[in-house]
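Reviewing the structure listed below.
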Amino acid sequence: MNEIWAGIQEAFWLIIILDSDLIEITVRSLKVSFTALVVASALALPFGTWLAIRRFRYRRVTIAALNALMGLPPVVVGLIVYLLLSRSGPFGVLGLLFTPTAMIVAQVIIITPLIASITHQAMRELWSEYHDLLISLNTSKRQRVAALIWDGRRTLMTAALAGFGRAIGEVGAIMIVGGNIDHATRVLTTAIALETGKGDFALALGLGFVLIALTLVVNLAIHALSRTEREGTW
Amino acid sequence: MIHFIFAVLIVFSTQVQAETMRLAATTSFNNSGLSDVLLPAIRMDTGLDVQLLIVGTGQAIRLGEAGDVDAILVHSKTAEAAFVAAGFGTHRRNIMYNDFVIIGPRSDPAKISEAESAVGAIQLIFEARNSFVSRGDDSGTHKKELALWSAAVLDPRHFGPWYKAVGAGMGASLNSASGLNSYIMADRASWLNFGNKGALELLFSGDPMLFNQYAYIAVNPDKHNHVNIQAARRLEQWLLSARAKSIINNYKINGEACIYLQWHALALYYIKGLI
């Protein structure tokens, strides 16, 4: 219990004195996870919606596979991305291993199935509601996807936030592909792992509380910006 | 306007100066806190921004073989010799040393503090079947521990559940040992710098067999032409300089280290000569 209290104090001081290392790794955490979120959303939102309105032969298999991929073990993703980006691997010439880009690649792979799957679930219900209307208006496939994405934007935001939460709290994959290099690829989660290794639990826990606070702030900010939970639309 | 130009010049010049290179170093190099002292000094003296990858010796050697780093700093002579013999490294340079120590519960149920030698100490642990945490991660420290067991003609593969191979870095393993109140072998600097000692205490040290040599090997550019061999050579020269020697020799950890420094005839860390 003493250690948890020491952790809260440590977090408080780190924020009060605006510790420059803390700011650096926090900004990097946000940058990496936001970039991964944008890329993953650009792939997953249209794909999940398309999956909801399109009927094709292997649809069930695709959906089952997508749902299974939600539980993709990050360590395995990290290892595969590592082997692909290593200098001796197929994409070695790009020199991307141990860079923030490699971390973004790993996070995109981890969160895309999650966002796509939640999107698909939400869009399927919306589509059953909109089906007759959109068909009778003689809309194109592209217009249908766009209409569903726009009208389901609040649910999609939940999907995106779930993806963001998984990305920013992830440590297994980015530790392997990023290498936890100080001033280059160290983020909040890998710093927590490092401080725990040093037996400095107060600092590790302090960083942990900063991470939790950060995800709270991000979620609140996005909700405030998109005006959910307001009168009439809740 | 002038301020702006100056600002641009400063930004530009620091970017030119900060040449980066990647060094895979053992967990003990970082957990001991030595890297936190050396890296800023390296940056100041040579302009090299050394990006440190903290891994076990086994993985460091794999990173060097794959060409993912420019140089490695490790501590397992056999593995290093094989690395150089296979042409992955240009040559092996002894940089510094410290020693391994055996840590255990303050009550010392196996009575290893009375042991005559390191091999004797681990034999006592074996006889007492007291819980023992092993790194189990193919690191230099793990290899040394295995060498001790084999010198005692014992095979950890046949040990019972008291022998716990945790497969983690030095600090994480010390955390496990602290939680389980186990015996563990660690390098002295990592132990001194460790923040969660709990009921553990340094129980045995001083056997010449526990000597721990760290070596630096630049990755061979003939194998991987993208490696930054110039930077790796500059770092090697710096590590052999008088300045590096004084920083490493004067490195102390929260006063406790001073005691050990005086106990030892030689400094805790010591740069060996050019050869």
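Each chain in the structure tokens gets a letter, A, B, ..., in the order shown, and its residues are numbered from 1; ligands are numbered from 1 in order too.
The residue set within 7 Å of Thr141 (chain B), counting only C-alpha atoms and dropping same-chain residues fewer than 3 places from it, reads Lys144, Glu145 and Ala186 of chain B.
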Using N, CA and C atoms, can you write the selected residues to a file as a compact mmCIF listing (two decimals), in the first residue's frame?
# COMPACT_ATOMS: atom_id res chain seq x y z
N LYS B 144 27.35 -17.48 -17.17
CA LYS B 144 28.29 -17.63 -16.07
C LYS B 144 27.71 -18.54 -14.99
N GLU B 145 26.42 -18.36 -14.70
CA GLU B 145 25.78 -19.20 -13.69
C GLU B 145 25.82 -20.67 -14.11
N ALA B 186 24.07 -12.12 -9.40
CA ALA B 186 23.93 -10.86 -10.13
C ALA B 186 25.29 -10.22 -10.27
Find the residues of chain A in contact range of chain B, meaning any atom within 10 Å when counting only C-alpha atoms, and list them as an MDAnalysis selection string. chainID A and resid 83 85:89 92:93 95:98 178:185 193:202
Excluding same-chain residues fewer than 2 positions from Ala11 (chain A), what lies within 8 Å of it counting only C-alpha atoms, as a ChimeraX atom specification? /A:7-9,13-15,203,205-207,209-210
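Each of B:Ile102, B:Ala60, B:Gly160, B:Gly87 was compared to Ala115 (chain B) using only C-alpha atoms, and B:Ile102 turns out to be the nearest.
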Residues near region 110-117 of chain A, anyone? I mean within 9 Å using only C-alpha atoms, not counting same-chain ones fewer than 2 positions away, as a PyMOL selection string. chain A and resi 36-37+39-41+43-49+63+66-74+77+105-108+119-122+156+158-164+166-167+173
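Every residue of region 187-243 of chain B with a DSSP assignment of alpha helix (DSSP H), taken from the backbone, is listed as Arg188, Ala189, Ser190, Trp191, Leu192, Asn193, Ile229, Gln230, Ala231, Ala232, Arg233, Arg234, Leu235, Glu236, Gln237, Trp238, Leu239, Ala242 and Arg243 of chain B.
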Go ahead and dump the residues you just picked, N, CA and C atoms, as a short mmCIF file (atom, residue, chain, number, x, y, z; two decimals), in the first residue's frame.
data_model
loop_
_atom_site.label_atom_id
_atom_site.label_comp_id
_atom_site.auth_asym_id
_atom_site.auth_seq_id
_atom_site.Cartn_x
_atom_site.Cartn_y
_atom_site.Cartn_z
N ARG B 188 27.71 -7.07 -9.56
CA ARG B 188 27.72 -6.23 -8.37
C ARG B 188 27.03 -4.88 -8.59
N ALA B 189 27.31 -4.25 -9.76
CA ALA B 189 26.77 -2.91 -9.97
C ALA B 189 25.24 -2.92 -10.07
N SER B 190 24.68 -3.91 -10.76
CA SER B 190 23.23 -3.98 -10.87
C SER B 190 22.60 -4.18 -9.50
N TRP B 191 23.26 -5.01 -8.67
CA TRP B 191 22.74 -5.24 -7.33
C TRP B 191 22.74 -3.96 -6.51
N LEU B 192 23.87 -3.22 -6.58
CA LEU B 192 23.96 -1.98 -5.79
C LEU B 192 22.93 -0.96 -6.24
N ASN B 193 22.65 -0.92 -7.54
CA ASN B 193 21.75 0.09 -8.07
C ASN B 193 20.29 -0.33 -7.96
N ILE B 229 30.42 2.10 -39.34
CA ILE B 229 31.68 1.62 -38.76
C ILE B 229 32.53 2.78 -38.23
N GLN B 230 32.44 3.97 -38.92
CA GLN B 230 33.20 5.13 -38.42
C GLN B 230 32.78 5.48 -37.00
N ALA B 231 31.46 5.54 -36.80
CA ALA B 231 30.95 5.88 -35.47
C ALA B 231 31.33 4.80 -34.47
N ALA B 232 31.24 3.54 -34.87
CA ALA B 232 31.57 2.44 -33.97
C ALA B 232 33.05 2.51 -33.56
N ARG B 233 33.93 2.89 -34.52
CA ARG B 233 35.36 3.00 -34.20
C ARG B 233 35.61 4.18 -33.27
N ARG B 234 34.88 5.30 -33.52
CA ARG B 234 35.06 6.47 -32.67
C ARG B 234 34.65 6.16 -31.24
N LEU B 235 33.55 5.42 -31.10
CA LEU B 235 33.10 5.06 -29.76
C LEU B 235 34.13 4.15 -29.09
N GLU B 236 34.71 3.24 -29.87
CA GLU B 236 35.72 2.34 -29.31
C GLU B 236 36.92 3.15 -28.82
N GLN B 237 37.37 4.11 -29.63
CA GLN B 237 38.50 4.95 -29.21
C GLN B 237 38.15 5.71 -27.92
N TRP B 238 36.91 6.21 -27.87
CA TRP B 238 36.52 6.98 -26.68
C TRP B 238 36.49 6.08 -25.45
N LEU B 239 35.97 4.87 -25.61
CA LEU B 239 35.89 3.95 -24.46
C LEU B 239 37.27 3.59 -23.93
N ALA B 242 41.43 8.18 -21.67
CA ALA B 242 41.65 8.45 -20.25
C ALA B 242 40.38 8.99 -19.59
N ARG B 243 39.60 9.75 -20.37
CA ARG B 243 38.38 10.33 -19.81
C ARG B 243 37.36 9.24 -19.46
#
All strand (DSSP E or B) positions in region 96-215 of chain B, as a ChimeraX atom specification: /B:96-105,132-134,163-165,183-187,200-204,211-215
With N, CA and C atoms kept, could you save the residues just selected as a CSV table (one decimal), in the first residue's frame?
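In the end it all went to result_12.csv:
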chain,number,residue,atom,x,y,z
B,96,MET,N,35.9,-3.2,-19.8
B,96,MET,CA,35.9,-3.0,-18.4
B,96,MET,C,35.4,-4.3,-17.7
B,97,TYR,N,35.6,-4.3,-16.4
B,97,TYR,CA,35.1,-5.5,-15.7
B,97,TYR,C,34.5,-5.1,-14.3
B,98,ASN,N,33.7,-6.0,-13.8
B,98,ASN,CA,33.4,-5.9,-12.4
B,98,ASN,C,33.3,-7.4,-12.0
B,99,ASP,N,32.5,-7.7,-11.0
B,99,ASP,CA,32.4,-9.1,-10.6
B,99,ASP,C,31.0,-9.5,-10.3
B,100,PHE,N,30.8,-10.8,-10.4
B,100,PHE,CA,29.5,-11.3,-10.0
B,100,PHE,C,29.4,-11.5,-8.5
B,101,VAL,N,28.2,-11.4,-7.9
B,101,VAL,CA,28.1,-11.7,-6.5
B,101,VAL,C,26.9,-12.6,-6.3
B,102,ILE,N,26.8,-13.3,-5.2
B,102,ILE,CA,25.7,-14.2,-5.0
B,102,ILE,C,24.9,-13.5,-3.8
B,103,ILE,N,23.6,-13.3,-4.2
B,103,ILE,CA,22.7,-12.6,-3.3
B,103,ILE,C,21.7,-13.6,-2.7
B,104,GLY,N,21.3,-13.4,-1.5
B,104,GLY,CA,20.3,-14.3,-0.9
B,104,GLY,C,19.6,-13.7,0.3
B,105,PRO,N,18.7,-14.5,0.9
B,105,PRO,CA,18.0,-14.0,2.1
B,105,PRO,C,18.9,-13.7,3.2
B,132,PHE,N,16.2,-20.7,-5.8
B,132,PHE,CA,17.2,-20.0,-6.5
B,132,PHE,C,16.6,-19.5,-7.8
B,133,VAL,N,16.8,-18.2,-8.0
B,133,VAL,CA,16.3,-17.6,-9.3
B,133,VAL,C,17.4,-17.5,-10.3
B,134,SER,N,17.2,-18.1,-11.5
B,134,SER,CA,18.1,-18.1,-12.6
B,134,SER,C,17.6,-17.1,-13.6
B,163,TYR,N,14.5,-24.5,-8.3
B,163,TYR,CA,15.3,-23.7,-9.3
B,163,TYR,C,14.4,-23.1,-10.3
B,164,LYS,N,14.3,-21.7,-10.2
B,164,LYS,CA,13.3,-21.0,-11.0
B,164,LYS,C,14.0,-20.2,-12.1
B,165,ALA,N,13.9,-20.7,-13.3
B,165,ALA,CA,14.5,-19.9,-14.5
B,165,ALA,C,13.4,-18.9,-14.9
B,183,TYR,N,17.8,-17.1,-3.5
B,183,TYR,CA,19.2,-16.9,-3.9
B,183,TYR,C,19.2,-16.5,-5.3
B,184,ILE,N,20.2,-15.6,-5.7
B,184,ILE,CA,20.3,-15.3,-7.1
B,184,ILE,C,21.8,-14.8,-7.4
B,185,MET,N,22.3,-15.0,-8.6
B,185,MET,CA,23.6,-14.4,-8.9
B,185,MET,C,23.4,-13.2,-9.8
B,186,ALA,N,24.1,-12.1,-9.4
B,186,ALA,CA,23.9,-10.9,-10.1
B,186,ALA,C,25.3,-10.2,-10.3
B,187,ASP,N,25.4,-9.2,-11.2
B,187,ASP,CA,26.7,-8.5,-11.2
B,187,ASP,C,26.6,-7.4,-10.1
B,200,LEU,N,16.8,-9.2,0.9
B,200,LEU,CA,18.0,-9.8,0.3
B,200,LEU,C,19.3,-9.1,0.7
B,201,GLU,N,20.4,-9.8,0.7
B,201,GLU,CA,21.6,-9.3,1.1
B,201,GLU,C,22.7,-9.9,0.2
B,202,LEU,N,23.8,-9.2,0.0
B,202,LEU,CA,25.0,-9.8,-0.7
B,202,LEU,C,25.6,-10.8,0.3
B,203,LEU,N,25.7,-12.0,-0.1
B,203,LEU,CA,26.2,-13.1,0.8
B,203,LEU,C,27.6,-13.6,0.4
B,204,PHE,N,27.9,-13.6,-0.9
B,204,PHE,CA,29.1,-14.2,-1.3
B,204,PHE,C,29.7,-13.4,-2.5
B,211,PHE,N,34.8,-13.2,-11.8
B,211,PHE,CA,35.3,-12.1,-12.6
B,211,PHE,C,34.4,-11.9,-13.8
B,212,ASN,N,34.0,-10.7,-14.1
B,212,ASN,CA,33.1,-10.4,-15.2
B,212,ASN,C,33.6,-9.4,-16.2
B,213,GLN,N,34.1,-9.9,-17.3
B,213,GLN,CA,34.7,-9.0,-18.3
B,213,GLN,C,33.7,-8.5,-19.4
B,214,TYR,N,33.6,-7.2,-19.6
B,214,TYR,CA,32.8,-6.7,-20.6
B,214,TYR,C,33.6,-6.4,-21.9
B,215,ALA,N,33.2,-6.8,-23.0
B,215,ALA,CA,33.9,-6.5,-24.2
B,215,ALA,C,33.1,-5.7,-25.3
Tell me which protein, DNA and RNA residues are within 9 Å of region 213-217 of chain A, counting only C-alpha atoms, leaving out same-chain ones fewer than 4 positions away, and put them as JSON, numbers by chain. {"A": [26, 30, 164, 165, 168, 169, 208, 209, 221, 222]}
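CA of Ala25 (chain B) lies 20.7 Å from CA of Ala102 (chain A).
Residue nearest Thr26 (chain B) within the list B:Arg157, B:His142, B:Lys245, B:His91: B:His142 [criterion: smallest interatomic distance, only C-alpha atoms].
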Within 10 Å of Ala118 (chain B) using only C-alpha atoms, minus same-chain residues under 4 positions, as a PyMOL selection string: chain B and resi 100-102+112+122-124+148-149+151-152+204-210
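Closest approach to Val218 (chain A) from the set A:Arg60, A:Ser33, A:Glu125, A:Lys141 is made by A:Ser33, with distances taken over only C-alpha atoms.
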Quick one: distance from CA of Ile53 (chain A) to CA of Arg142 (chain A) in Å, one decimal? 10.7 Å
With only C-alpha atoms as the basis for distance, which of B:Phe83, B:Leu154, B:Tyr251, B:Gly89 is at the shortest distance from Gly120 (chain B)? B:Leu154
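CA of Tyr130 (chain A) is positioned 15.1 Å from CA of Leu51 (chain A).
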